Structure formats: structure tokens, C-alpha cells
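Have a look at data-v1.pdb; it's PDB, C-alpha atoms:
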```pdb
ATOM      1  CA  MET A   1       0.000   0.000   0.000  1.00  0.00           C
ATOM      2  CA  ASP A   2       1.435   3.400  -0.927  1.00  0.00           C
ATOM      3  CA  ILE A   3       1.629   6.214   1.597  1.00  0.00           C
ATOM      4  CA  LYS A   4      -1.235   8.251   0.085  1.00  0.00           C
ATOM      5  CA  HIS A   5      -3.719   5.381   0.294  1.00  0.00           C
ATOM      6  CA  PHE A   6      -2.492   4.517   3.776  1.00  0.00           C
ATOM      7  CA  ILE A   7      -3.054   8.070   4.996  1.00  0.00           C
ATOM      8  CA  LEU A   8      -6.514   8.106   3.393  1.00  0.00           C
ATOM      9  CA  LEU A   9      -7.409   4.831   5.130  1.00  0.00           C
ATOM     10  CA  ASN A  10      -6.428   6.336   8.481  1.00  0.00           C
ATOM     11  CA  TRP A  11      -8.626   9.382   7.933  1.00  0.00           C
ATOM     12  CA  ILE A  12     -11.547   7.200   6.868  1.00  0.00           C
ATOM     13  CA  TRP A  13     -11.092   5.141  10.044  1.00  0.00           C
ATOM     14  CA  ILE A  14     -11.046   8.327  12.136  1.00  0.00           C
ATOM     15  CA  GLY A  15     -14.144   9.576  10.300  1.00  0.00           C
ATOM     16  CA  ILE A  16     -16.028   6.367  11.125  1.00  0.00           C
ATOM     17  CA  ALA A  17     -15.114   6.816  14.793  1.00  0.00           C
ATOM     18  CA  LEU A  18     -16.482  10.372  14.826  1.00  0.00           C
ATOM     19  CA  ILE A  19     -19.732   9.222  13.197  1.00  0.00           C
ATOM     20  CA  ILE A  20     -20.186   6.375  15.688  1.00  0.00           C
ATOM     21  CA  PHE A  21     -19.279   8.471  18.751  1.00  0.00           C
ATOM     22  CA  PRO A  22     -22.679  10.195  19.314  1.00  0.00           C
ATOM     23  CA  ILE A  23     -24.524   6.953  18.563  1.00  0.00           C
ATOM     24  CA  LEU A  24     -22.718   5.123  21.380  1.00  0.00           C
ATOM     25  CA  PHE A  25     -24.095   7.617  23.901  1.00  0.00           C
ATOM     26  CA  LYS A  26     -27.571   6.308  23.051  1.00  0.00           C
ATOM     27  CA  ILE A  27     -26.727   2.576  23.040  1.00  0.00           C
ATOM     28  CA  THR A  28     -25.494   0.568  25.999  1.00  0.00           C
ATOM     29  CA  VAL A  29     -23.097  -1.988  24.511  1.00  0.00           C
ATOM     30  CA  PRO A  30     -24.290  -5.337  25.936  1.00  0.00           C
ATOM     31  CA  TYR A  31     -21.345  -7.080  27.510  1.00  0.00           C
ATOM     32  CA  GLY A  32     -20.050  -7.379  31.056  1.00  0.00           C
ATOM     33  CA  ARG A  33     -22.602  -6.080  33.540  1.00  0.00           C
ATOM     34  CA  HIS A  34     -24.735  -4.811  30.629  1.00  0.00           C
ATOM     35  CA  SER A  35     -24.873  -8.150  28.771  1.00  0.00           C
ATOM     36  CA  LYS A  36     -28.150  -9.018  26.994  1.00  0.00           C
ATOM     37  CA  ARG A  37     -29.242 -12.170  25.204  1.00  0.00           C
ATOM     38  CA  SER A  38     -31.410 -10.094  22.868  1.00  0.00           C
ATOM     39  CA  TRP A  39     -28.265  -9.428  20.795  1.00  0.00           C
ATOM     40  CA  GLY A  40     -28.187 -13.036  19.582  1.00  0.00           C
ATOM     41  CA  ALA A  41     -25.906 -16.008  20.176  1.00  0.00           C
ATOM     42  CA  MET A  42     -23.550 -15.819  23.129  1.00  0.00           C
ATOM     43  CA  THR A  43     -20.059 -17.026  23.962  1.00  0.00           C
ATOM     44  CA  GLY A  44     -18.119 -17.243  27.208  1.00  0.00           C
ATOM     45  CA  ASN A  45     -16.684 -13.960  28.485  1.00  0.00           C
ATOM     46  CA  ARG A  46     -13.131 -15.267  28.860  1.00  0.00           C
ATOM     47  CA  LEU A  47     -12.996 -16.900  25.427  1.00  0.00           C
ATOM     48  CA  GLY A  48     -14.545 -13.858  23.761  1.00  0.00           C
ATOM     49  CA  TRP A  49     -12.097 -11.535  25.493  1.00  0.00           C
ATOM     50  CA  ILE A  50      -9.064 -13.604  24.458  1.00  0.00           C
ATOM     51  CA  LEU A  51     -10.175 -13.828  20.827  1.00  0.00           C
ATOM     52  CA  MET A  52     -10.944 -10.146  20.421  1.00  0.00           C
ATOM     53  CA  GLU A  53      -7.904  -8.770  22.258  1.00  0.00           C
ATOM     54  CA  SER A  54      -5.383 -11.191  20.752  1.00  0.00           C
ATOM     55  CA  THR A  55      -6.455 -10.022  17.276  1.00  0.00           C
ATOM     56  CA  SER A  56      -4.637  -6.735  17.815  1.00  0.00           C
ATOM     57  CA  LEU A  57      -1.539  -8.514  19.093  1.00  0.00           C
ATOM     58  CA  LEU A  58      -1.380 -10.929  16.143  1.00  0.00           C
ATOM     59  CA  VAL A  59      -2.227  -8.451  13.381  1.00  0.00           C
ATOM     60  CA  PHE A  60       0.272  -5.852  14.586  1.00  0.00           C
ATOM     61  CA  SER A  61       2.978  -8.518  14.851  1.00  0.00           C
ATOM     62  CA  ILE A  62       2.301  -9.923  11.360  1.00  0.00           C
ATOM     63  CA  CYS A  63       2.277  -6.479   9.735  1.00  0.00           C
ATOM     64  CA  PHE A  64       5.386  -5.379  11.600  1.00  0.00           C
ATOM     65  CA  LEU A  65       7.420  -8.484  10.748  1.00  0.00           C
ATOM     66  CA  TRP A  66       6.009  -9.132   7.246  1.00  0.00           C
ATOM     67  CA  ASN A  67       9.014  -7.679   5.428  1.00  0.00           C
ATOM     68  CA  GLY A  68      11.665  -9.011   7.786  1.00  0.00           C
ATOM     69  CA  PHE A  69      13.431  -7.959  10.941  1.00  0.00           C
ATOM     70  CA  ILE A  70      15.263  -4.855   9.729  1.00  0.00           C
ATOM     71  CA  HIS A  71      13.656  -1.976  11.609  1.00  0.00           C
ATOM     72  CA  GLY A  72      14.887   1.026  13.520  1.00  0.00           C
ATOM     73  CA  LEU A  73      15.357   0.820  17.275  1.00  0.00           C
ATOM     74  CA  ALA A  74      12.433   3.152  17.953  1.00  0.00           C
ATOM     75  CA  SER A  75      10.055   0.997  15.898  1.00  0.00           C
ATOM     76  CA  TRP A  76      11.213  -2.107  17.769  1.00  0.00           C
ATOM     77  CA  LEU A  77      10.531  -0.291  21.040  1.00  0.00           C
ATOM     78  CA  PHE A  78       7.006   0.629  19.937  1.00  0.00           C
ATOM     79  CA  PHE A  79       6.480  -2.987  18.893  1.00  0.00           C
ATOM     80  CA  ALA A  80       7.607  -4.098  22.369  1.00  0.00           C
ATOM     81  CA  VAL A  81       5.240  -1.612  24.020  1.00  0.00           C
ATOM     82  CA  TRP A  82       2.362  -2.996  21.938  1.00  0.00           C
ATOM     83  CA  LEU A  83       3.311  -6.570  22.864  1.00  0.00           C
ATOM     84  CA  ILE A  84       3.506  -5.794  26.582  1.00  0.00           C
ATOM     85  CA  HIS A  85       0.091  -4.166  26.609  1.00  0.00           C
ATOM     86  CA  TYR A  86      -1.670  -6.799  24.520  1.00  0.00           C
ATOM     87  CA  ILE A  87      -0.079  -9.858  26.076  1.00  0.00           C
ATOM     88  CA  ASN A  88      -1.443  -8.551  29.354  1.00  0.00           C
ATOM     89  CA  ARG A  89      -4.871  -7.713  27.876  1.00  0.00           C
ATOM     90  CA  SER A  90      -5.166 -10.894  25.786  1.00  0.00           C
ATOM     91  CA  TYR A  91      -3.911 -13.562  28.182  1.00  0.00           C
ATOM     92  CA  VAL A  92      -2.873 -12.336  31.634  1.00  0.00           C
ATOM     93  CA  PHE A  93      -5.912 -10.179  32.396  1.00  0.00           C
ATOM     94  CA  PRO A  94      -8.619 -12.693  31.316  1.00  0.00           C
ATOM     95  CA  SER A  95      -6.843 -15.465  33.235  1.00  0.00           C
ATOM     96  CA  ARG A  96      -7.339 -13.409  36.415  1.00  0.00           C
ATOM     97  CA  LEU A  97     -11.031 -12.710  35.874  1.00  0.00           C
ATOM     98  CA  MET A  98     -13.683 -14.358  38.032  1.00  0.00           C
ATOM     99  CA  THR A  99     -16.078 -14.722  35.130  1.00  0.00           C
ATOM    100  CA  LYS A 100     -17.462 -18.258  35.453  1.00  0.00           C
ATOM    101  CA  GLY A 101     -20.811 -18.581  33.717  1.00  0.00           C
ATOM    102  CA  LYS A 102     -20.791 -15.071  32.251  1.00  0.00           C
ATOM    103  CA  LYS A 103     -21.469 -14.577  28.544  1.00  0.00           C
ATOM    104  CA  MET A 104     -21.086 -11.930  25.852  1.00  0.00           C
ATOM    105  CA  PRO A 105     -22.914 -11.680  22.517  1.00  0.00           C
ATOM    106  CA  LEU A 106     -20.970 -13.026  19.536  1.00  0.00           C
ATOM    107  CA  ALA A 107     -21.964  -9.845  17.684  1.00  0.00           C
ATOM    108  CA  ILE A 108     -20.019  -7.763  20.207  1.00  0.00           C
ATOM    109  CA  MET A 109     -17.022 -10.081  19.997  1.00  0.00           C
ATOM    110  CA  PHE A 110     -16.901  -9.820  16.193  1.00  0.00           C
ATOM    111  CA  MET A 111     -17.254  -6.025  16.271  1.00  0.00           C
ATOM    112  CA  ALA A 112     -14.370  -5.878  18.744  1.00  0.00           C
ATOM    113  CA  ILE A 113     -12.307  -8.171  16.505  1.00  0.00           C
ATOM    114  CA  LEU A 114     -12.867  -5.775  13.574  1.00  0.00           C
ATOM    115  CA  PHE A 115     -11.894  -2.806  15.746  1.00  0.00           C
ATOM    116  CA  ASN A 116      -8.722  -4.517  16.965  1.00  0.00           C
ATOM    117  CA  PHE A 117      -7.880  -5.770  13.468  1.00  0.00           C
ATOM    118  CA  MET A 118      -7.966  -2.250  12.040  1.00  0.00           C
ATOM    119  CA  ASN A 119      -5.966  -0.665  14.850  1.00  0.00           C
ATOM    120  CA  GLY A 120      -3.435  -3.496  14.792  1.00  0.00           C
ATOM    121  CA  PHE A 121      -3.105  -3.268  11.011  1.00  0.00           C
ATOM    122  CA  LEU A 122      -2.727   0.525  10.825  1.00  0.00           C
ATOM    123  CA  ASN A 123      -0.163   0.744  13.610  1.00  0.00           C
ATOM    124  CA  GLY A 124       1.699  -2.448  12.677  1.00  0.00           C
ATOM    125  CA  TYR A 125       1.889  -1.530   9.001  1.00  0.00           C
ATOM    126  CA  PHE A 126       3.137   1.966   9.815  1.00  0.00           C
ATOM    127  CA  GLN A 127       5.817   0.823  12.252  1.00  0.00           C
ATOM    128  CA  GLY A 128       6.924  -2.087  10.049  1.00  0.00           C
ATOM    129  CA  ASN A 129       6.859  -0.432   6.633  1.00  0.00           C
ATOM    130  CA  LEU A 130       6.601   3.364   6.731  1.00  0.00           C
ATOM    131  CA  SER A 131       8.185   4.726   9.911  1.00  0.00           C
ATOM    132  CA  ASN A 132      11.673   6.166   9.761  1.00  0.00           C
ATOM    133  CA  TYR A 133      12.682   7.355  13.221  1.00  0.00           C
ATOM    134  CA  SER A 134      16.216   8.659  13.629  1.00  0.00           C
ATOM    135  CA  PRO A 135      18.332   7.764  16.701  1.00  0.00           C
ATOM    136  CA  GLU A 136      17.708  11.314  17.930  1.00  0.00           C
ATOM    137  CA  TRP A 137      13.994  10.526  18.294  1.00  0.00           C
ATOM    138  CA  PHE A 138      14.695   9.141  21.772  1.00  0.00           C
ATOM    139  CA  TYR A 139      15.665  12.665  22.866  1.00  0.00           C
ATOM    140  CA  SER A 140      12.661  14.381  21.310  1.00  0.00           C
ATOM    141  CA  PRO A 141       9.975  16.065  23.466  1.00  0.00           C
ATOM    142  CA  GLN A 142       7.367  13.805  21.840  1.00  0.00           C
ATOM    143  CA  PHE A 143       9.120  10.585  22.806  1.00  0.00           C
ATOM    144  CA  ILE A 144      10.010  11.673  26.338  1.00  0.00           C
ATOM    145  CA  SER A 145       6.600  13.125  27.225  1.00  0.00           C
ATOM    146  CA  GLY A 146       4.699  10.366  25.402  1.00  0.00           C
ATOM    147  CA  SER A 147       6.621   7.630  27.207  1.00  0.00           C
ATOM    148  CA  MET A 148       5.838   9.221  30.570  1.00  0.00           C
ATOM    149  CA  ILE A 149       2.151   9.579  29.705  1.00  0.00           C
ATOM    150  CA  PHE A 150       1.934   5.980  28.445  1.00  0.00           C
ATOM    151  CA  THR A 151       3.626   4.614  31.575  1.00  0.00           C
ATOM    152  CA  LEU A 152       1.315   6.611  33.857  1.00  0.00           C
ATOM    153  CA  GLY A 153      -1.751   5.363  31.985  1.00  0.00           C
ATOM    154  CA  MET A 154      -0.623   1.741  32.137  1.00  0.00           C
ATOM    155  CA  MET A 155      -0.018   2.002  35.880  1.00  0.00           C
ATOM    156  CA  ILE A 156      -3.493   3.465  36.478  1.00  0.00           C
ATOM    157  CA  ASN A 157      -5.112   0.862  34.220  1.00  0.00           C
ATOM    158  CA  MET A 158      -3.397  -2.158  35.780  1.00  0.00           C
ATOM    159  CA  GLN A 159      -3.826  -0.893  39.339  1.00  0.00           C
ATOM    160  CA  SER A 160      -7.548  -0.304  38.764  1.00  0.00           C
ATOM    161  CA  ASP A 161      -7.994  -3.723  37.143  1.00  0.00           C
ATOM    162  CA  SER A 162      -6.378  -5.339  40.179  1.00  0.00           C
ATOM    163  CA  ILE A 163      -8.782  -3.552  42.534  1.00  0.00           C
ATOM    164  CA  LEU A 164     -11.791  -4.688  40.490  1.00  0.00           C
ATOM    165  CA  ILE A 165     -10.546  -8.286  40.326  1.00  0.00           C
ATOM    166  CA  SER A 166      -9.888  -8.330  44.083  1.00  0.00           C
ATOM    167  CA  LEU A 167     -13.570  -7.606  44.707  1.00  0.00           C
ATOM    168  CA  ARG A 168     -14.278 -11.162  43.546  1.00  0.00           C
ATOM    169  CA  LYS A 169     -11.486 -12.916  45.367  1.00  0.00           C
ATOM    170  CA  ASN A 170     -14.029 -15.159  47.109  1.00  0.00           C
ATOM    171  CA  ASN A 171     -15.277 -16.394  43.704  1.00  0.00           C
ATOM    172  CA  SER A 172     -18.408 -14.283  43.937  1.00  0.00           C
ATOM    173  CA  ASN A 173     -20.042 -13.339  40.646  1.00  0.00           C
ATOM    174  CA  GLY A 174     -21.778 -10.330  42.184  1.00  0.00           C
ATOM    175  CA  TYR A 175     -20.835  -6.671  41.855  1.00  0.00           C
ATOM    176  CA  PHE A 176     -19.487  -4.425  44.578  1.00  0.00           C
ATOM    177  CA  ILE A 177     -18.486  -0.800  44.984  1.00  0.00           C
ATOM    178  CA  PRO A 178     -14.734  -0.431  44.369  1.00  0.00           C
ATOM    179  CA  TYR A 179     -12.728   1.855  46.647  1.00  0.00           C
ATOM    180  CA  GLY A 180      -9.213   3.200  46.807  1.00  0.00           C
ATOM    181  CA  LYS A 181      -6.658   4.843  44.500  1.00  0.00           C
ATOM    182  CA  MET A 182      -8.350   6.511  41.514  1.00  0.00           C
ATOM    183  CA  PHE A 183     -11.707   5.007  42.488  1.00  0.00           C
ATOM    184  CA  ARG A 184     -11.886   7.806  45.046  1.00  0.00           C
ATOM    185  CA  TYR A 185     -12.518  10.191  42.172  1.00  0.00           C
ATOM    186  CA  ILE A 186     -14.057   8.274  39.261  1.00  0.00           C
ATOM    187  CA  SER A 187     -16.082   5.151  38.579  1.00  0.00           C
ATOM    188  CA  CYS A 188     -13.897   3.868  35.726  1.00  0.00           C
ATOM    189  CA  PRO A 189     -10.193   4.560  36.334  1.00  0.00           C
ATOM    190  CA  ASN A 190      -9.361   1.441  34.305  1.00  0.00           C
ATOM    191  CA  HIS A 191     -10.865   3.186  31.268  1.00  0.00           C
ATOM    192  CA  PHE A 192      -9.243   6.492  32.222  1.00  0.00           C
ATOM    193  CA  GLY A 193      -5.857   4.758  32.421  1.00  0.00           C
ATOM    194  CA  GLU A 194      -6.282   3.115  29.028  1.00  0.00           C
ATOM    195  CA  ILE A 195      -7.193   6.429  27.399  1.00  0.00           C
ATOM    196  CA  ILE A 196      -4.064   8.002  28.912  1.00  0.00           C
ATOM    197  CA  GLU A 197      -1.981   5.042  27.685  1.00  0.00           C
ATOM    198  CA  TRP A 198      -2.972   5.475  24.065  1.00  0.00           C
ATOM    199  CA  ALA A 199      -2.694   9.244  24.261  1.00  0.00           C
ATOM    200  CA  GLY A 200       0.902   8.617  25.320  1.00  0.00           C
ATOM    201  CA  PHE A 201       1.419   6.129  22.501  1.00  0.00           C
ATOM    202  CA  ALA A 202       0.094   8.635  19.958  1.00  0.00           C
ATOM    203  CA  VAL A 203       2.480  11.298  21.271  1.00  0.00           C
ATOM    204  CA  MET A 204       5.598   9.144  21.515  1.00  0.00           C
ATOM    205  CA  THR A 205       5.087   7.657  18.024  1.00  0.00           C
ATOM    206  CA  TRP A 206       3.840  11.010  16.642  1.00  0.00           C
ATOM    207  CA  SER A 207       1.923   9.057  14.035  1.00  0.00           C
ATOM    208  CA  LEU A 208      -1.483   9.221  12.353  1.00  0.00           C
ATOM    209  CA  PRO A 209      -2.274   5.564  13.226  1.00  0.00           C
ATOM    210  CA  GLY A 210      -1.420   6.311  16.863  1.00  0.00           C
ATOM    211  CA  LEU A 211      -3.799   9.289  16.785  1.00  0.00           C
ATOM    212  CA  ALA A 212      -6.513   7.157  15.166  1.00  0.00           C
ATOM    213  CA  PHE A 213      -6.186   4.534  17.899  1.00  0.00           C
ATOM    214  CA  PHE A 214      -6.372   7.182  20.628  1.00  0.00           C
ATOM    215  CA  ILE A 215      -9.526   8.663  19.086  1.00  0.00           C
ATOM    216  CA  TRP A 216     -11.139   5.230  18.838  1.00  0.00           C
ATOM    217  CA  THR A 217     -10.209   4.497  22.459  1.00  0.00           C
ATOM    218  CA  VAL A 218     -12.030   7.653  23.596  1.00  0.00           C
ATOM    219  CA  VAL A 219     -14.994   6.857  21.344  1.00  0.00           C
ATOM    220  CA  ASN A 220     -15.341   3.373  22.848  1.00  0.00           C
ATOM    221  CA  LEU A 221     -14.580   4.059  26.492  1.00  0.00           C
ATOM    222  CA  MET A 222     -16.198   7.418  27.229  1.00  0.00           C
ATOM    223  CA  PRO A 223     -19.797   6.266  26.553  1.00  0.00           C
ATOM    224  CA  ARG A 224     -19.093   2.959  28.318  1.00  0.00           C
ATOM    225  CA  SER A 225     -17.761   4.762  31.383  1.00  0.00           C
ATOM    226  CA  LEU A 226     -20.909   6.878  31.559  1.00  0.00           C
ATOM    227  CA  ASP A 227     -23.010   3.687  31.289  1.00  0.00           C
ATOM    228  CA  HIS A 228     -21.022   2.128  34.146  1.00  0.00           C
ATOM    229  CA  HIS A 229     -21.407   5.246  36.269  1.00  0.00           C
ATOM    230  CA  ARG A 230     -25.179   5.346  35.818  1.00  0.00           C
ATOM    231  CA  TRP A 231     -25.352   1.605  36.562  1.00  0.00           C
ATOM    232  CA  TYR A 232     -23.437   2.020  39.827  1.00  0.00           C
ATOM    233  CA  LYS A 233     -25.736   4.849  40.928  1.00  0.00           C
ATOM    234  CA  ARG A 234     -28.831   2.766  40.135  1.00  0.00           C
ATOM    235  CA  GLU A 235     -27.596  -0.391  41.860  1.00  0.00           C
ATOM    236  CA  PHE A 236     -26.062   1.096  45.029  1.00  0.00           C
ATOM    237  CA  GLN A 237     -27.929   3.657  47.103  1.00  0.00           C
ATOM    238  CA  ASP A 238     -24.740   4.388  49.066  1.00  0.00           C
ATOM    239  CA  TYR A 239     -22.620   4.986  45.976  1.00  0.00           C
ATOM    240  CA  PRO A 240     -20.221   7.932  46.596  1.00  0.00           C
ATOM    241  CA  LYS A 241     -21.984  11.051  45.353  1.00  0.00           C
ATOM    242  CA  ASN A 242     -18.845  13.012  44.510  1.00  0.00           C
ATOM    243  CA  ARG A 243     -17.429  10.444  42.115  1.00  0.00           C
ATOM    244  CA  LYS A 244     -17.381  11.340  38.455  1.00  0.00           C
ATOM    245  CA  ALA A 245     -17.576   8.759  35.654  1.00  0.00           C
ATOM    246  CA  LEU A 246     -14.277   9.082  33.786  1.00  0.00           C
ATOM    247  CA  ILE A 247     -12.376  12.334  34.349  1.00  0.00           C
ATOM    248  CA  PRO A 248     -11.721  13.421  37.968  1.00  0.00           C
ATOM    249  CA  PHE A 249     -13.783  16.459  39.009  1.00  0.00           C
ATOM    250  CA  ILE A 250     -15.055  17.010  35.440  1.00  0.00           C
ATOM    251  CA  LEU A 251     -17.006  14.167  33.787  1.00  0.00           C
TER     252      LEU A 251
END
```
Taking this structure as input, can you express it in the form of C-alpha cells?
Amino acid sequence: MDIKHFILLNWIWIGIALIIFPILFKITVPYGRHSKRSWGAMTGNRLGWILMESTSLLVFSICFLWNGFIHGLASWLFFAVWLIHYINRSYVFPSRLMTKGKKMPLAIMFMAILFNFMNGFLNGYFQGNLSNYSPEWFYSPQFISGSMIFTLGMMINMQSDSILISLRKNNSNGYFIPYGKMFRYISCPNHFGEIIEWAGFAVMTWSLPGLAFFIWTVVNLMPRSLDHHRWYKREFQDYPKNRKALIPFIL
């Protein structure tokens, strides 16, 4: 694919995200606590999660390595960052979930696979075939600030996931109010952390595919966070009144 068509594909992908964004505020995506059988055939939560998240890992890896192993050091680092995140999301995280008996619609799984395929392809193809970072990139403001932002987001995301998982340490399938760390301020710090992660990735790669992935992350997670927040307030009369949904003190 030549650079002009690749750039056009990125902008089309961003355009689709912006069209879908307002629609997602009116639809509660039915998986997790919002799961509904009215969306058709179901599959197990853990299996569905592994299949949809590992798509991004595999597609990025294939695109990055398709033309061989000769890449710049910066591109290899961005590949490693992608691997670290998605090995955790595809295999480590679902192995820790107490999700026995829980289901998700196959329709949601396949939509997530498409989403992860596109983001994995755009970023993997760029890093493996089009990027040309100089050794000085490691000293650039974009790389330094982006790396710090990405690391902060990953820490918030993983810490919040651990708190949520610990709520079910007694193998309970019920839901509880999470407390501590960023949960003092927002209902979905795991989503907040992931948004920060991919903002950092977009900055440190300074790439159009990185920007597209960040935009899609916001489009997916902001409406979902608001759905979670409303659900918590409906289910728990003692839910902390000062908590926001996604952004501390703001939203």
C-alpha cells in the first residue's frame, strides 16, 4: 500500500469513529454487567475476550514483521510496548477474571475483533513499513513526554484492574463498589488509564495511526464509562456522590 492510500485509510477510520461516537451515547453496549441475550448467540466472556484482544496482538505482529526484521530501534521499542500491553490484555488479564458462567454476545465479539484488526493493522503496518525514526527521536519532546504519559496510563489501568478483580477474590459473581486509589474520584479509572496510555502512545510515536487509535479508544470508552457510572448509581444507594464517571472532578 502506498503512503497516500495509507493516509486516506487512516482518515476514513477516524471519520467512522467520529460518526459512531454520538450513537454510542444512546446505546449501551451489551457485555459485562450490561450483557443481553437479545443481541443473539452468546459465547463465554473469557474466550470472547481472548479472541478479540489477541487479534490486535497478532495483526500488529504480522504487519510489523512481514518484510523481515530490519527496523529502527524506535520501531522495535514501539512494537515491544504494543506486545507488553496486549499480552497482558489478551492472556494475563482474562486469566485473572472471576467470570465463570458469564457470557457476551458473539456480535459484540466480532465487532471488537474488527476494531482490533484495524488498529493493529494501521499501527503495525506503519511501524513495520513506513516509519523512519532517527536515533535522535529518543531525545525528542514527543518521545520523552509520550513515554511518561503511556507509563502513567498503564499504571493506572493495571492498578484499577487489580482492585476490580480483588472484589471477587471469594469467587463471587456479584458486583461491589470499588474503593481506593483513583476510584476515590471516578467510577472507571481502568478506562481512564487506558485512554491516557494510548494518548501517550500517539504522542511518543507522533503518528497518524497512533492518533486514530487514541480517538477510537475515547470513542469506545467514554460512553461505556458513563453507562457504568449510571449503573453504579442505580444499583447502590450508598454509591459515593462526589465520584465522576471518567475524568476526575469534570465528567
Distance query 12 Å from (6.0, -1.7, 12.5) using all atoms listed in the file, result as a PyMOL selection string: chain A and resi 59-83+120-133+205+207+209-210
Could you write out that same residue set with C-alpha atoms as a PDB file, in the frame of the given file?
```
ATOM      1  CA  VAL A  59      -2.227  -8.451  13.381  1.00  0.00           C
ATOM      2  CA  PHE A  60       0.272  -5.852  14.586  1.00  0.00           C
ATOM      3  CA  SER A  61       2.978  -8.518  14.851  1.00  0.00           C
ATOM      4  CA  ILE A  62       2.301  -9.923  11.360  1.00  0.00           C
ATOM      5  CA  CYS A  63       2.277  -6.479   9.735  1.00  0.00           C
ATOM      6  CA  PHE A  64       5.386  -5.379  11.600  1.00  0.00           C
ATOM      7  CA  LEU A  65       7.420  -8.484  10.748  1.00  0.00           C
ATOM      8  CA  TRP A  66       6.009  -9.132   7.246  1.00  0.00           C
ATOM      9  CA  ASN A  67       9.014  -7.679   5.428  1.00  0.00           C
ATOM     10  CA  GLY A  68      11.665  -9.011   7.786  1.00  0.00           C
ATOM     11  CA  PHE A  69      13.431  -7.959  10.941  1.00  0.00           C
ATOM     12  CA  ILE A  70      15.263  -4.855   9.729  1.00  0.00           C
ATOM     13  CA  HIS A  71      13.656  -1.976  11.609  1.00  0.00           C
ATOM     14  CA  GLY A  72      14.887   1.026  13.520  1.00  0.00           C
ATOM     15  CA  LEU A  73      15.357   0.820  17.275  1.00  0.00           C
ATOM     16  CA  ALA A  74      12.433   3.152  17.953  1.00  0.00           C
ATOM     17  CA  SER A  75      10.055   0.997  15.898  1.00  0.00           C
ATOM     18  CA  TRP A  76      11.213  -2.107  17.769  1.00  0.00           C
ATOM     19  CA  LEU A  77      10.531  -0.291  21.040  1.00  0.00           C
ATOM     20  CA  PHE A  78       7.006   0.629  19.937  1.00  0.00           C
ATOM     21  CA  PHE A  79       6.480  -2.987  18.893  1.00  0.00           C
ATOM     22  CA  ALA A  80       7.607  -4.098  22.369  1.00  0.00           C
ATOM     23  CA  VAL A  81       5.240  -1.612  24.020  1.00  0.00           C
ATOM     24  CA  TRP A  82       2.362  -2.996  21.938  1.00  0.00           C
ATOM     25  CA  LEU A  83       3.311  -6.570  22.864  1.00  0.00           C
ATOM     26  CA  GLY A 120      -3.435  -3.496  14.792  1.00  0.00           C
ATOM     27  CA  PHE A 121      -3.105  -3.268  11.011  1.00  0.00           C
ATOM     28  CA  LEU A 122      -2.727   0.525  10.825  1.00  0.00           C
ATOM     29  CA  ASN A 123      -0.163   0.744  13.610  1.00  0.00           C
ATOM     30  CA  GLY A 124       1.699  -2.448  12.677  1.00  0.00           C
ATOM     31  CA  TYR A 125       1.889  -1.530   9.001  1.00  0.00           C
ATOM     32  CA  PHE A 126       3.137   1.966   9.815  1.00  0.00           C
ATOM     33  CA  GLN A 127       5.817   0.823  12.252  1.00  0.00           C
ATOM     34  CA  GLY A 128       6.924  -2.087  10.049  1.00  0.00           C
ATOM     35  CA  ASN A 129       6.859  -0.432   6.633  1.00  0.00           C
ATOM     36  CA  LEU A 130       6.601   3.364   6.731  1.00  0.00           C
ATOM     37  CA  SER A 131       8.185   4.726   9.911  1.00  0.00           C
ATOM     38  CA  ASN A 132      11.673   6.166   9.761  1.00  0.00           C
ATOM     39  CA  TYR A 133      12.682   7.355  13.221  1.00  0.00           C
ATOM     40  CA  THR A 205       5.087   7.657  18.024  1.00  0.00           C
ATOM     41  CA  SER A 207       1.923   9.057  14.035  1.00  0.00           C
ATOM     42  CA  PRO A 209      -2.274   5.564  13.226  1.00  0.00           C
ATOM     43  CA  GLY A 210      -1.420   6.311  16.863  1.00  0.00           C
TER      44      GLY A 210
END
```
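Candidate residues A:Val92, A:Met222, A:Ile27, A:Met109 were compared for distance to Asp161 (chain A), and the nearest is A:Val92, using all atoms listed in the file.
Omitting Val203 (chain A) and its sequence neighbours fewer than 2 positions away, and counting all atoms listed in the file, the residues within 6 Å are Gln142, Gly146, Gly200, Phe201, Thr205 and Trp206 of chain A.
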Using all atoms listed in the file: which of A:Phe143, A:Phe110, A:Phe115, A:Phe183 has the shortest distance to Gly48 (chain A): A:Phe110
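Separating CA of Ala212 (chain A) from CA of Gly153 (chain A) is a distance of 17.6 Å.
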Would you compute, for all listed atoms of region 229-232 of chain A, the axis-aligned bounding box grown by 3 Å on each side, and then report its centre and edge lengths in Å rounded to one decimal, as lines of an AutoDock Vina configuration file?
```
center_x = -23.4
center_y = 3.5
center_z = 37.8
size_x = 9.9
size_y = 9.7
size_z = 10.0
```
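Of the residues listed (A:Leu47, A:Leu167, A:Ile149, A:Ile84), A:Leu47 shows the shortest atom-to-atom separation from Lys103 (chain A); distances use all atoms listed in the file.
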Leu251 (chain A) surroundings by all atoms listed in the file, 10 Å radius, close-in-sequence under 4 positions cut, as number ranges by chain: A: 186, 222, 225-226, 243-247
Point (-17.4, 5.5, 24.2), cut-off 12 Å, counting only C-alpha atoms, residues as a ChimeraX atom specification: /A:17-29,191-192,195,214-228,245-246
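A straight line drawn from CA of Trp198 (chain A) to CA of His85 (chain A) is 10.4 Å long.
The space separating CA of Phe176 (chain A) from CA of Tyr86 (chain A) comes to 26.9 Å.
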Taking the file above as input, evaluate the PyMOL selection byres ((chain A and resi 107) around 8) and report the hits as a PDB file with C-alpha atoms, keeping the file's coordinate frame.
```
ATOM      1  CA  TRP A  39     -28.265  -9.428  20.795  1.00  0.00           C
ATOM      2  CA  GLY A  40     -28.187 -13.036  19.582  1.00  0.00           C
ATOM      3  CA  ALA A  41     -25.906 -16.008  20.176  1.00  0.00           C
ATOM      4  CA  PRO A 105     -22.914 -11.680  22.517  1.00  0.00           C
ATOM      5  CA  LEU A 106     -20.970 -13.026  19.536  1.00  0.00           C
ATOM      6  CA  ILE A 108     -20.019  -7.763  20.207  1.00  0.00           C
ATOM      7  CA  MET A 109     -17.022 -10.081  19.997  1.00  0.00           C
ATOM      8  CA  PHE A 110     -16.901  -9.820  16.193  1.00  0.00           C
ATOM      9  CA  MET A 111     -17.254  -6.025  16.271  1.00  0.00           C
TER      10      MET A 111
END
```
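The residues returned by the PyMOL selection byres ((chain A and resi 44-46) around 8) for this structure are Gly32, Met42, Thr43, Leu47, Gly48, Trp49, Ile50, Pro94, Ser95, Leu97, Thr99, Gly101, Lys102, Lys103 and Met104 of chain A.
Selection check: the PyMOL selection byres ((chain A and resi 6) around 10) on the shown file gives Met1, Asp2, Ile3, Lys4, His5, Ile7, Leu8, Leu9, Asn10, Trp11, Ile12, Leu122, Tyr125, Phe126, Leu130, Leu208 and Pro209 of chain A.
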